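So the structure is just underneath, and the comments pick up after that.
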Amino acid sequence: MPTPARTSRRDIVAAGRDLVEAEGLEGLTMQRVATAVGVRAPSLYKHVSSRGALVKLIVEDVVADLAASLEGRGRTGDAGDDLAVLATVFRDFARAHPETYRLIFSPLPEDWRPDPDRLAEASRPVLEATTALAGSDRALDAARTVTAWAHGFVSMELADAFRLGGDVDRAFGFGVASLVDALSRSVPAR
């Protein structure tokens, strides 16, 4: 009778996420993950083919968590309010998981990047809100604009780059309101 597996892919990904969150991507090694899950490093390769494959699984897990956080949020019936809720959820997620959040937007090797379908699923709530605000012809452009602004804001916040004083939460609200206003006015006349 074969011996039971001492770990699982799920445990390995969770341990990898914990390591990345604690020490950044440079802290992620197969040996350290193996130690965290209680096996020898060669045993990991039964579940994950390489460090790059593990990074991809971690990023996909983070994207799935972000998608779950966004799903069902921002359904107030007002597209501007919906987008504000989604932007706040996005920001809260990034602040709660700063190192693994950064992986989503990192310039990783192509085979380490998440499957585009997973990214599309995470983007769906934002696309729905931007469709309602800017129209279906401009929804993708609007969603990219919102995501780029939110990511830039959060990245600066995580880097402690807002050093001129003032209320950062108020600035975030101002940015969201400005985007909502601009997107609402971008619908072409019929």
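Here, A, B, ... name the chains of the structure tokens in the order displayed, residue numbers run from 1 inside each chain, and ligands are numbered from 1 in the same displayed order.
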Go through segment 64-118 of chain A residue by residue and, counting only C-alpha atoms, keep those with an atom at most 7 Å from segment 10-28 of chain A; for each kept residue give the shortest atom pair and its distance in Å to one decimal, ordered by chain and increasing number, as a tab-separated table.
```
residue	atom	partner	partner_atom	distance
A:His97	CA	A:Glu21	CA	6.8
A:Glu99	CA	A:Glu21	CA	4.9
A:Thr100	CA	A:Glu21	CA	5.7
```
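Here the question is which of A:Ser123, A:Gly165, A:Arg113, A:Gly80 gets nearest to Arg185 of chain A using only C-alpha atoms, and that residue is A:Gly80.
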- Query: Which residues in segment 4-178 of chain A does DSSP call helix (DSSP H, G or I)? List them as a ChimeraX atom specification.
  - Reply: /A:9-23,25-27,30-37,41-44,51-70,79-96,98-104,110-112,116-134,139-158,168-178
- Message: Please list as a PyMOL selection string every residue within 12 Å of Asp169 of chain A, counting only C-alpha atoms and excluding residues in the same chain fewer than 5 positions away.
- Response: chain A and resi 88+91-92+153-154+157+162+174-176
- Distance of atom CA of Ala134 of chain A from atom CA of Ser106 of chain A, expressed in Å to one decimal place: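 If I compute the distance from atom CA of Ser106 of chain A to atom CA of Ala134 of chain A, I get 28.2 Å.
Of the residues under consideration (A:Ser155, A:Ser8, A:Thr29, A:Thr35), A:Ser155 shows the shortest atom-to-atom contact distance to Phe105 of chain A when counting only C-alpha atoms.
Considering the residues A:Asp82, A:Phe93, A:Trp112, A:Ala122 and counting only C-alpha atoms, Val55 of chain A has its shortest atom-to-atom contact with A:Trp112.
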